file structure04.cif (mmCIF, C-alpha atoms)
data_structure
loop_
_atom_site.label_atom_id
_atom_site.label_comp_id
_atom_site.auth_asym_id
_atom_site.auth_seq_id
_atom_site.Cartn_x
_atom_site.Cartn_y
_atom_site.Cartn_z
CA MET A 1050 30.92 43.73 -5.54
CA ASP A 1051 32.48 40.24 -5.45
CA PHE A 1052 30.48 37.07 -4.83
CA ASN A 1053 31.33 36.85 -1.14
CA SER A 1054 30.36 40.47 -0.52
CA GLU A 1055 27.14 40.06 -2.47
CA ASN A 1056 26.30 36.89 -0.52
CA LEU A 1057 27.01 38.66 2.80
CA SER A 1058 24.81 41.60 1.82
CA THR A 1059 21.98 39.25 0.83
CA ARG A 1060 22.18 37.35 4.11
CA PHE A 1061 22.30 40.63 6.03
CA ASP A 1062 19.14 41.85 4.26
CA LYS A 1063 17.41 38.59 5.16
CA ALA A 1064 18.46 38.94 8.79
CA VAL A 1065 17.18 42.52 8.96
CA SER A 1066 13.95 41.46 7.27
CA TYR A 1067 13.47 38.66 9.80
CA ILE A 1068 14.00 40.95 12.79
CA SER A 1069 11.73 43.62 11.33
CA GLY A 1070 8.91 41.10 11.15
CA SER A 1071 9.51 39.60 14.58
CA ASN A 1072 8.28 40.59 18.04
CA LEU A 1073 11.64 40.83 19.74
CA SER A 1074 11.10 42.10 23.30
CA ASP A 1075 14.65 41.79 24.68
CA VAL A 1076 15.84 45.42 24.86
CA ASP A 1077 19.50 44.47 25.27
CA MET A 1078 19.28 42.33 22.15
CA GLN A 1079 17.50 45.15 20.31
CA LEU A 1080 20.31 47.53 21.20
CA LYS A 1081 22.94 45.08 20.03
CA LEU A 1082 21.20 44.68 16.70
CA TYR A 1083 20.79 48.42 16.34
CA GLY A 1084 24.50 49.04 16.83
CA PHE A 1085 25.53 46.46 14.25
CA TYR A 1086 22.84 47.68 11.82
CA LYS A 1087 24.02 51.30 11.95
CA GLN A 1088 27.68 50.28 11.71
CA ALA A 1089 26.91 48.08 8.71
CA LEU A 1090 25.03 50.80 6.84
CA VAL A 1091 26.83 53.98 7.91
CA GLY A 1092 30.17 52.96 9.43
CA THR A 1093 31.81 54.53 12.48
CA CYS A 1094 29.51 56.68 14.58
CA THR A 1095 30.35 60.38 14.29
CA GLN A 1096 27.07 61.71 15.69
CA PRO A 1097 27.17 63.74 18.94
CA LYS A 1098 25.98 62.07 22.12
CA PRO A 1099 22.27 62.83 22.70
CA SER A 1100 21.18 64.86 25.71
CA ILE A 1101 21.07 62.96 28.98
CA PHE A 1102 17.34 63.60 29.01
CA ASP A 1103 17.05 61.47 25.86
CA LEU A 1104 17.71 58.16 27.63
CA LYS A 1105 16.63 55.96 24.73
CA GLY A 1106 18.69 57.98 22.27
CA ARG A 1107 21.78 57.77 24.50
CA LYS A 1108 21.48 53.99 24.79
CA LYS A 1109 21.25 53.67 21.02
CA TRP A 1110 24.19 56.06 20.60
CA TYR A 1111 26.33 53.99 22.98
CA ALA A 1112 25.29 50.81 21.18
CA TRP A 1113 26.57 52.17 17.89
CA SER A 1114 29.56 54.25 18.96
CA GLU A 1115 31.04 51.49 21.14
CA LEU A 1116 31.68 49.49 17.97
CA GLY A 1117 34.46 51.94 17.13
CA THR A 1118 36.07 51.33 13.75
CA MET A 1119 34.53 47.91 13.12
CA THR A 1120 34.23 47.45 9.36
CA LYS A 1121 30.84 47.30 7.66
CA GLU A 1122 31.49 43.69 6.68
CA GLU A 1123 32.30 42.74 10.27
CA ALA A 1124 29.15 44.51 11.45
CA MET A 1125 27.01 42.65 8.89
CA THR A 1126 28.54 39.35 9.97
CA SER A 1127 27.97 40.13 13.65
CA TYR A 1128 24.36 41.11 12.95
CA ILE A 1129 23.78 37.86 11.06
CA ASN A 1130 25.41 35.81 13.85
CA LEU A 1131 23.23 37.51 16.44
CA VAL A 1132 20.04 36.81 14.48
CA THR A 1133 21.21 33.22 14.01
CA SER A 1134 21.51 32.89 17.80
CA ILE A 1135 17.86 33.97 18.02
CA ASN A 1136 16.67 31.67 15.25
CA PRO A 1137 19.11 29.37 13.40
CA ASN A 1138 16.50 28.90 10.66
CA PHE A 1139 15.74 32.57 10.00
CA GLU A 1140 17.02 32.40 6.40
CA THR A 1141 14.47 29.76 5.40
CA GLU A 1142 11.44 31.32 7.07
CA LYS A 1143 9.13 33.70 5.25
CA THR A 1144 8.93 37.25 6.58
CA GLY A 1145 7.82 40.61 5.33
CA TRP A 1146 10.48 42.78 3.68
CA VAL A 1147 12.54 45.12 5.83
CA THR A 1148 10.90 48.32 7.01
CA VAL A 1149 13.21 49.48 9.76
CA SER A 1150 16.03 48.00 11.72
CA THR A 1151 15.12 47.09 15.25
CA PHE A 1152 16.39 49.14 18.18
CA ALA A 1153 19.65 47.23 19.18
CA ASN A 1154 23.56 47.14 20.18
CA ASP A 1155 26.44 44.80 20.67
CA GLU A 1156 29.97 45.62 21.32
CA LYS A 1157 32.74 44.26 19.18
CA PRO A 1158 33.96 41.24 21.15
CA LEU A 1159 37.15 42.04 23.02
CA SER A 1160 39.75 39.68 24.36
CA GLU A 1161 40.59 40.04 28.04
CA ASN A 1162 43.92 41.58 27.08
CA GLU A 1163 42.13 44.31 25.12
CA LYS A 1164 39.71 45.25 27.89
CA THR A 1165 40.17 48.37 30.01
CA ILE A 1166 38.89 49.09 33.49
CA SER A 1167 35.88 50.78 31.87
CA ASP A 1168 35.05 47.48 30.16
CA TRP A 1169 35.33 45.66 33.49
CA VAL A 1170 32.97 48.18 35.08
CA LYS A 1171 30.48 47.66 32.24
CA ASP A 1172 30.87 43.88 32.71
CA GLY A 1173 30.39 44.19 36.48
CA ASP A 1174 33.70 42.38 37.01
CA LEU A 1175 34.69 43.55 40.49
CA ASN A 1176 37.56 41.07 40.78
CA LYS A 1177 39.31 42.52 37.73
CA ILE A 1178 38.66 46.04 39.05
CA LYS A 1179 40.24 45.12 42.38
CA ALA A 1180 43.40 44.01 40.59
CA PHE A 1181 43.68 47.21 38.53
CA ILE A 1182 46.70 49.44 39.12
CA GLY A 1183 46.71 52.93 37.68
CA ASN A 1184 44.86 56.23 37.46
CA ILE A 1185 41.11 55.78 36.91
CA ASN A 1186 40.33 59.49 36.68
CA VAL A 1187 40.79 59.40 32.92
CA ASN A 1188 38.11 59.41 30.23
CA ASP A 1189 38.06 56.50 27.81
CA SER A 1190 37.35 56.52 24.08
CA MET A 1191 33.66 57.03 24.87
CA GLY A 1192 34.48 60.17 26.84
CA MET A 1193 33.64 58.59 30.20
CA ALA A 1194 35.65 57.51 33.23
CA PRO A 1195 34.96 54.27 35.16
CA ILE A 1196 32.97 56.17 37.83
CA HIS A 1197 30.58 57.43 35.13
CA TRP A 1198 30.00 53.91 33.84
CA ALA A 1199 29.34 52.60 37.35
CA ALA A 1200 26.84 55.40 38.03
CA ASP A 1201 25.17 54.88 34.66
CA ARG A 1202 24.85 51.12 35.30
CA GLY A 1203 23.60 51.69 38.85
CA ASP A 1204 26.29 49.41 40.27
CA PHE A 1205 26.69 50.70 43.82
CA ASP A 1206 29.29 48.13 44.96
CA ILE A 1207 31.62 48.89 42.06
CA LEU A 1208 31.17 52.64 42.33
CA LYS A 1209 31.88 52.54 46.07
CA PHE A 1210 35.00 50.45 45.46
CA LEU A 1211 36.23 52.89 42.82
CA VAL A 1212 35.85 55.80 45.21
CA GLU A 1213 37.21 54.17 48.36
CA ASN A 1214 39.91 51.93 46.89
CA HIS A 1215 40.92 53.57 43.62
CA SER A 1216 40.51 57.24 44.63
CA ALA A 1217 37.89 57.96 41.97
CA ASP A 1218 37.09 61.67 41.94
CA VAL A 1219 33.34 62.01 42.59
CA ASN A 1220 33.32 65.33 40.75
CA PHE A 1221 35.33 64.14 37.75
CA GLN A 1222 33.68 65.24 34.50
CA ASP A 1223 33.24 63.33 31.26
CA ASN A 1224 33.78 64.85 27.83
CA THR A 1225 30.42 66.65 28.10
CA ARG A 1226 31.33 67.89 31.60
CA GLN A 1227 28.89 65.56 33.33
CA THR A 1228 29.78 63.98 36.67
CA ALA A 1229 28.79 60.61 38.06
CA LEU A 1230 26.02 62.42 39.94
CA HIS A 1231 24.56 63.62 36.61
CA TYR A 1232 24.28 59.99 35.51
CA ALA A 1233 22.95 58.64 38.80
CA ALA A 1234 20.40 61.44 39.21
CA SER A 1235 19.06 61.12 35.67
CA CYS A 1236 18.58 57.36 36.18
CA GLY A 1237 17.07 57.71 39.65
CA HIS A 1238 19.76 55.63 41.39
CA GLU A 1239 18.94 56.89 44.89
CA GLU A 1240 21.53 54.89 46.84
CA ILE A 1241 24.33 56.00 44.52
CA CYS A 1242 23.16 59.63 44.57
CA LYS A 1243 23.15 59.77 48.36
CA TYR A 1244 26.54 58.07 48.56
CA LEU A 1245 28.14 60.41 46.03
CA VAL A 1246 26.83 63.49 47.84
CA SER A 1247 28.09 62.10 51.16
CA LYS A 1248 31.52 61.82 49.53
CA GLY A 1249 31.52 65.43 48.35
CA ALA A 1250 29.78 65.26 44.97
CA ARG A 1251 28.43 68.71 44.13
CA ILE A 1252 24.81 69.06 43.04
CA ASN A 1253 25.43 72.32 41.17
CA ILE A 1254 28.17 71.39 38.66
CA GLU A 1255 26.98 72.37 35.17
CA ASP A 1256 27.53 70.20 32.12
CA GLU A 1257 28.19 71.63 28.67
CA ASP A 1258 24.48 72.42 28.32
CA GLY A 1259 24.40 74.27 31.65
CA ILE A 1260 22.45 71.48 33.37
CA THR A 1261 23.27 70.45 36.96
CA PRO A 1262 22.80 67.01 38.55
CA LEU A 1263 19.98 68.45 40.65
CA GLU A 1264 18.22 69.60 37.49
CA MET A 1265 18.69 66.13 36.02
CA CYS A 1266 16.70 64.63 38.86
CA THR A 1267 13.03 64.10 38.00
CA ASP A 1268 12.15 62.34 41.25
CA GLU A 1269 11.01 65.01 43.71
CA LYS A 1270 11.76 62.84 46.75
CA LEU A 1271 15.30 62.20 45.54
CA LYS A 1272 15.74 65.86 44.63
CA LEU A 1273 14.82 66.85 48.19
CA LEU A 1274 17.24 64.29 49.62
CA LEU A 1275 20.05 65.69 47.49
CA LYS A 1276 19.30 69.23 48.63
CA ILE A 1277 19.27 68.20 52.30
CA ASN A 1278 22.53 66.27 52.00
#
call {"tool": "encode", "arguments": {"input": "structure04.cif", "output": "structure tokens"}}
result
Amino acid sequence: MDFNSENLSTRFDKAVSYISGSNLSDVDMQLKLYGFYKQALVGTCTQPKPSIFDLKGRKKWYAWSELGTMTKEEAMTSYINLVTSINPNFETEKTGWVTVSTFANDEKPLSENEKTISDWVKDGDLNKIKAFIGNINVNDSMGMAPIHWAADRGDFDILKFLVENHSADVNFQDNTRQTALHYAASCGHEEICKYLVSKGARINIEDEDGITPLEMCTDEKLKLLLKIN
């Protein structure tokens, strides 16, 4: 290991140690840190996506897998930079040694030219989505189409625009054969669920585990609404 690599590793260990001894409550920040931590230690995520019932596990999986082929060195640097944004003096403060990494994710920063419509959906950038020209019924590198991301995020306005202005297929399936209704039902997004069903989304499409959107729904009131519609 050369000096620069050794120095980076030392700083990374200090950053992890600091976070492990802190009371970080920001879940988004935790997810960002988790993604960089796993990428730094393991590299590219090759683990299968957790079941949709494992909501925490899925969020952590997305946090890590969205980093793609980011190098371990880049991940360490990003982790350090993120901790520095939390506390610029973390390297000089005393903390207990690392026990576990905290729960967190951040995506590798993309330039606007690198972003896809899925990225714009995740960003909630409706203006960019309005300007998009092309087929949106295509799964991205994460195995999801824009309509899945909108349903997962609970962004009704964007999802509605995708359906009514970009001809998004409400029954389009991701790489695990889940539809937007699977995502919306599992998250309890009632408005989106009712809208999707009104547009022809089927409540009985099975994913690769044989689970339907209706079975994903844990809210009995919402489940009844879906059956009626």
call {"tool": "residues_near_point", "arguments": {"input": "structure04.cif", "point": "(13.5, 36.1, 10.2)", "cutoff": "6 Å", "atoms": "all atoms listed in the file", "output": "PyMOL selection string"}}
result
chain A and resi 1064+1067-1068+1139+1144
call {"tool": "write_last_selection", "arguments": {"input": "structure04.cif", "atoms": "C-alpha atoms", "output": "mmCIF file, in the coordinates of the input"}}
result
data_model
loop_
_atom_site.group_PDB
_atom_site.id
_atom_site.type_symbol
_atom_site.label_atom_id
_atom_site.label_comp_id
_atom_site.auth_asym_id
_atom_site.auth_seq_id
_atom_site.Cartn_x
_atom_site.Cartn_y
_atom_site.Cartn_z
ATOM 1 C CA ALA A 1064 18.460 38.940 8.790
ATOM 2 C CA TYR A 1067 13.470 38.660 9.800
ATOM 3 C CA ILE A 1068 14.000 40.950 12.790
ATOM 4 C CA PHE A 1139 15.740 32.570 10.000
ATOM 5 C CA THR A 1144 8.930 37.250 6.580
#
call {"tool": "closest_residue", "arguments": {"input": "structure04.cif", "among": "A:Val1091, A:Val1076, A:Ala1233, A:Leu1263", "to": "Ala1199 (chain A)", "atoms": "all atoms listed in the file"}}
result
A:Ala1233
call {"tool": "atom_distance", "arguments": {"input": "structure04.cif", "atom1": "CA of Glu1213 (chain A)", "atom2": "CA of Glu1163 (chain A)"}}
result
25.7 Å
call {"tool": "atom_distance", "arguments": {"input": "structure04.cif", "atom1": "CA of Met1265 (chain A)", "atom2": "CA of Arg1226 (chain A)"}}
result
13.5 Å
call {"tool": "resolve_selection", "arguments": {"input": "structure04.cif", "expression": "the PyMOL selection byres ((chain A and resi 1240) around 12)", "output": "mmCIF file with C-alpha atoms, in the frame of the given file"}}
result
data_model
loop_
_atom_site.group_PDB
_atom_site.id
_atom_site.type_symbol
_atom_site.label_atom_id
_atom_site.label_comp_id
_atom_site.auth_asym_id
_atom_site.auth_seq_id
_atom_site.Cartn_x
_atom_site.Cartn_y
_atom_site.Cartn_z
ATOM 1 C CA ALA A 1200 26.840 55.400 38.030
ATOM 2 C CA GLY A 1203 23.600 51.690 38.850
ATOM 3 C CA ASP A 1204 26.290 49.410 40.270
ATOM 4 C CA PHE A 1205 26.690 50.700 43.820
ATOM 5 C CA ASP A 1206 29.290 48.130 44.960
ATOM 6 C CA LEU A 1208 31.170 52.640 42.330
ATOM 7 C CA LYS A 1209 31.880 52.540 46.070
ATOM 8 C CA LEU A 1230 26.020 62.420 39.940
ATOM 9 C CA ALA A 1233 22.950 58.640 38.800
ATOM 10 C CA ALA A 1234 20.400 61.440 39.210
ATOM 11 C CA CYS A 1236 18.580 57.360 36.180
ATOM 12 C CA GLY A 1237 17.070 57.710 39.650
ATOM 13 C CA HIS A 1238 19.760 55.630 41.390
ATOM 14 C CA GLU A 1239 18.940 56.890 44.890
ATOM 15 C CA ILE A 1241 24.330 56.000 44.520
ATOM 16 C CA CYS A 1242 23.160 59.630 44.570
ATOM 17 C CA LYS A 1243 23.150 59.770 48.360
ATOM 18 C CA TYR A 1244 26.540 58.070 48.560
ATOM 19 C CA LEU A 1245 28.140 60.410 46.030
ATOM 20 C CA VAL A 1246 26.830 63.490 47.840
ATOM 21 C CA SER A 1247 28.090 62.100 51.160
ATOM 22 C CA LEU A 1271 15.300 62.200 45.540
ATOM 23 C CA LEU A 1274 17.240 64.290 49.620
ATOM 24 C CA LEU A 1275 20.050 65.690 47.490
#
call {"tool": "decode", "arguments": {"input": "structure04.cif", "residues": "region 1063-1108 of chain A", "atoms": "N, CA and C atoms", "output": "tab-separated table (two decimals), in the first residue's frame"}}
result
chain	number	residue	atom	x	y	z
A	1063	LYS	N	-11.04	6.60	10.66
A	1063	LYS	CA	-11.41	7.64	11.63
A	1063	LYS	C	-12.83	8.13	11.39
A	1064	ALA	N	-13.20	8.27	10.12
A	1064	ALA	CA	-14.54	8.74	9.79
A	1064	ALA	C	-15.59	7.73	10.23
A	1065	VAL	N	-15.31	6.44	9.98
A	1065	VAL	CA	-16.24	5.39	10.39
A	1065	VAL	C	-16.34	5.34	11.90
A	1066	SER	N	-15.21	5.49	12.57
A	1066	SER	CA	-15.18	5.48	14.03
A	1066	SER	C	-16.02	6.64	14.59
A	1067	TYR	N	-15.89	7.80	13.97
A	1067	TYR	CA	-16.64	8.97	14.43
A	1067	TYR	C	-18.14	8.72	14.30
A	1068	ILE	N	-18.56	8.23	13.14
A	1068	ILE	CA	-19.99	8.00	12.91
A	1068	ILE	C	-20.52	6.92	13.84
A	1069	SER	N	-19.73	5.90	14.08
A	1069	SER	CA	-20.16	4.81	14.96
A	1069	SER	C	-20.41	5.28	16.38
A	1070	GLY	N	-19.69	6.34	16.78
A	1070	GLY	CA	-19.86	6.85	18.13
A	1070	GLY	C	-20.77	8.04	18.22
A	1071	SER	N	-21.42	8.39	17.09
A	1071	SER	CA	-22.31	9.55	17.08
A	1071	SER	C	-23.77	9.11	17.17
A	1072	ASN	N	-24.65	10.09	17.32
A	1072	ASN	CA	-26.09	9.82	17.38
A	1072	ASN	C	-26.77	10.39	16.15
A	1073	LEU	N	-26.31	9.98	15.00
A	1073	LEU	CA	-26.85	10.49	13.74
A	1073	LEU	C	-28.29	10.01	13.55
A	1074	SER	N	-29.22	10.95	13.41
A	1074	SER	CA	-30.63	10.59	13.30
A	1074	SER	C	-31.19	10.77	11.89
A	1075	ASP	N	-30.43	11.42	11.01
A	1075	ASP	CA	-30.87	11.66	9.65
A	1075	ASP	C	-30.78	10.36	8.85
A	1076	VAL	N	-31.94	9.76	8.54
A	1076	VAL	CA	-31.96	8.47	7.85
A	1076	VAL	C	-31.36	8.55	6.46
A	1077	ASP	N	-31.64	9.64	5.74
A	1077	ASP	CA	-31.07	9.79	4.40
A	1077	ASP	C	-29.54	9.83	4.46
A	1078	MET	N	-29.03	10.53	5.46
A	1078	MET	CA	-27.58	10.60	5.62
A	1078	MET	C	-27.02	9.23	6.01
A	1079	GLN	N	-27.75	8.51	6.86
A	1079	GLN	CA	-27.33	7.17	7.25
A	1079	GLN	C	-27.23	6.26	6.03
A	1080	LEU	N	-28.22	6.35	5.16
A	1080	LEU	CA	-28.22	5.53	3.96
A	1080	LEU	C	-27.06	5.87	3.03
A	1081	LYS	N	-26.77	7.15	2.92
A	1081	LYS	CA	-25.65	7.57	2.08
A	1081	LYS	C	-24.34	6.98	2.61
A	1082	LEU	N	-24.17	7.09	3.91
A	1082	LEU	CA	-22.95	6.56	4.52
A	1082	LEU	C	-22.86	5.05	4.37
A	1083	TYR	N	-23.98	4.40	4.52
A	1083	TYR	CA	-24.00	2.93	4.38
A	1083	TYR	C	-23.53	2.50	2.98
A	1084	GLY	N	-24.07	3.18	1.97
A	1084	GLY	CA	-23.70	2.84	0.60
A	1084	GLY	C	-22.21	2.99	0.35
A	1085	PHE	N	-21.66	4.12	0.77
A	1085	PHE	CA	-20.23	4.36	0.58
A	1085	PHE	C	-19.40	3.36	1.39
A	1086	TYR	N	-19.85	3.05	2.60
A	1086	TYR	CA	-19.13	2.11	3.47
A	1086	TYR	C	-19.03	0.74	2.82
A	1087	LYS	N	-20.17	0.22	2.33
A	1087	LYS	CA	-20.17	-1.10	1.70
A	1087	LYS	C	-19.35	-1.10	0.42
A	1088	GLN	N	-19.44	-0.03	-0.35
A	1088	GLN	CA	-18.67	0.06	-1.59
A	1088	GLN	C	-17.18	0.09	-1.29
A	1089	ALA	N	-16.81	0.80	-0.23
A	1089	ALA	CA	-15.40	0.92	0.15
A	1089	ALA	C	-14.83	-0.41	0.62
A	1090	LEU	N	-15.62	-1.19	1.33
A	1090	LEU	CA	-15.12	-2.44	1.89
A	1090	LEU	C	-15.28	-3.63	0.95
A	1091	VAL	N	-16.39	-3.66	0.21
A	1091	VAL	CA	-16.71	-4.84	-0.60
A	1091	VAL	C	-16.55	-4.59	-2.10
A	1092	GLY	N	-16.87	-3.36	-2.53
A	1092	GLY	CA	-16.87	-3.07	-3.96
A	1092	GLY	C	-18.29	-3.08	-4.51
A	1093	THR	N	-18.45	-3.29	-5.79
A	1093	THR	CA	-19.75	-3.26	-6.45
A	1093	THR	C	-20.72	-4.26	-5.83
A	1094	CYS	N	-21.94	-3.81	-5.63
A	1094	CYS	CA	-22.97	-4.66	-5.03
A	1094	CYS	C	-23.40	-5.76	-6.01
A	1095	THR	N	-23.30	-7.00	-5.58
A	1095	THR	CA	-23.75	-8.13	-6.40
A	1095	THR	C	-24.83	-8.92	-5.67
A	1096	GLN	N	-25.28	-8.42	-4.53
A	1096	GLN	CA	-26.30	-9.11	-3.76
A	1096	GLN	C	-27.67	-8.93	-4.41
A	1097	PRO	N	-28.56	-9.92	-4.32
A	1097	PRO	CA	-29.91	-9.78	-4.88
A	1097	PRO	C	-30.72	-8.77	-4.11
A	1098	LYS	N	-31.67	-8.12	-4.79
A	1098	LYS	CA	-32.53	-7.15	-4.12
A	1098	LYS	C	-33.38	-7.85	-3.06
A	1099	PRO	N	-33.43	-7.33	-1.84
A	1099	PRO	CA	-34.26	-7.93	-0.80
A	1099	PRO	C	-35.74	-7.91	-1.16
A	1100	SER	N	-36.51	-8.74	-0.51
A	1100	SER	CA	-37.96	-8.79	-0.71
A	1100	SER	C	-38.57	-7.43	-0.46
A	1101	ILE	N	-39.63	-7.12	-1.16
A	1101	ILE	CA	-40.29	-5.83	-0.99
A	1101	ILE	C	-40.86	-5.67	0.42
A	1102	PHE	N	-41.03	-6.79	1.13
A	1102	PHE	CA	-41.50	-6.71	2.50
A	1102	PHE	C	-40.38	-6.24	3.44
A	1103	ASP	N	-39.14	-6.37	3.00
A	1103	ASP	CA	-37.99	-5.92	3.79
A	1103	ASP	C	-37.65	-4.49	3.36
A	1104	LEU	N	-38.44	-3.52	3.81
A	1104	LEU	CA	-38.31	-2.16	3.34
A	1104	LEU	C	-36.95	-1.55	3.71
A	1105	LYS	N	-36.50	-1.81	4.93
A	1105	LYS	CA	-35.21	-1.27	5.36
A	1105	LYS	C	-34.08	-1.89	4.54
A	1106	GLY	N	-34.17	-3.20	4.33
A	1106	GLY	CA	-33.15	-3.89	3.55
A	1106	GLY	C	-33.10	-3.40	2.12
A	1107	ARG	N	-34.27	-3.12	1.52
A	1107	ARG	CA	-34.30	-2.63	0.15
A	1107	ARG	C	-33.67	-1.25	0.04
A	1108	LYS	N	-33.93	-0.38	1.03
A	1108	LYS	CA	-33.36	0.95	1.00
A	1108	LYS	C	-31.83	0.89	1.09
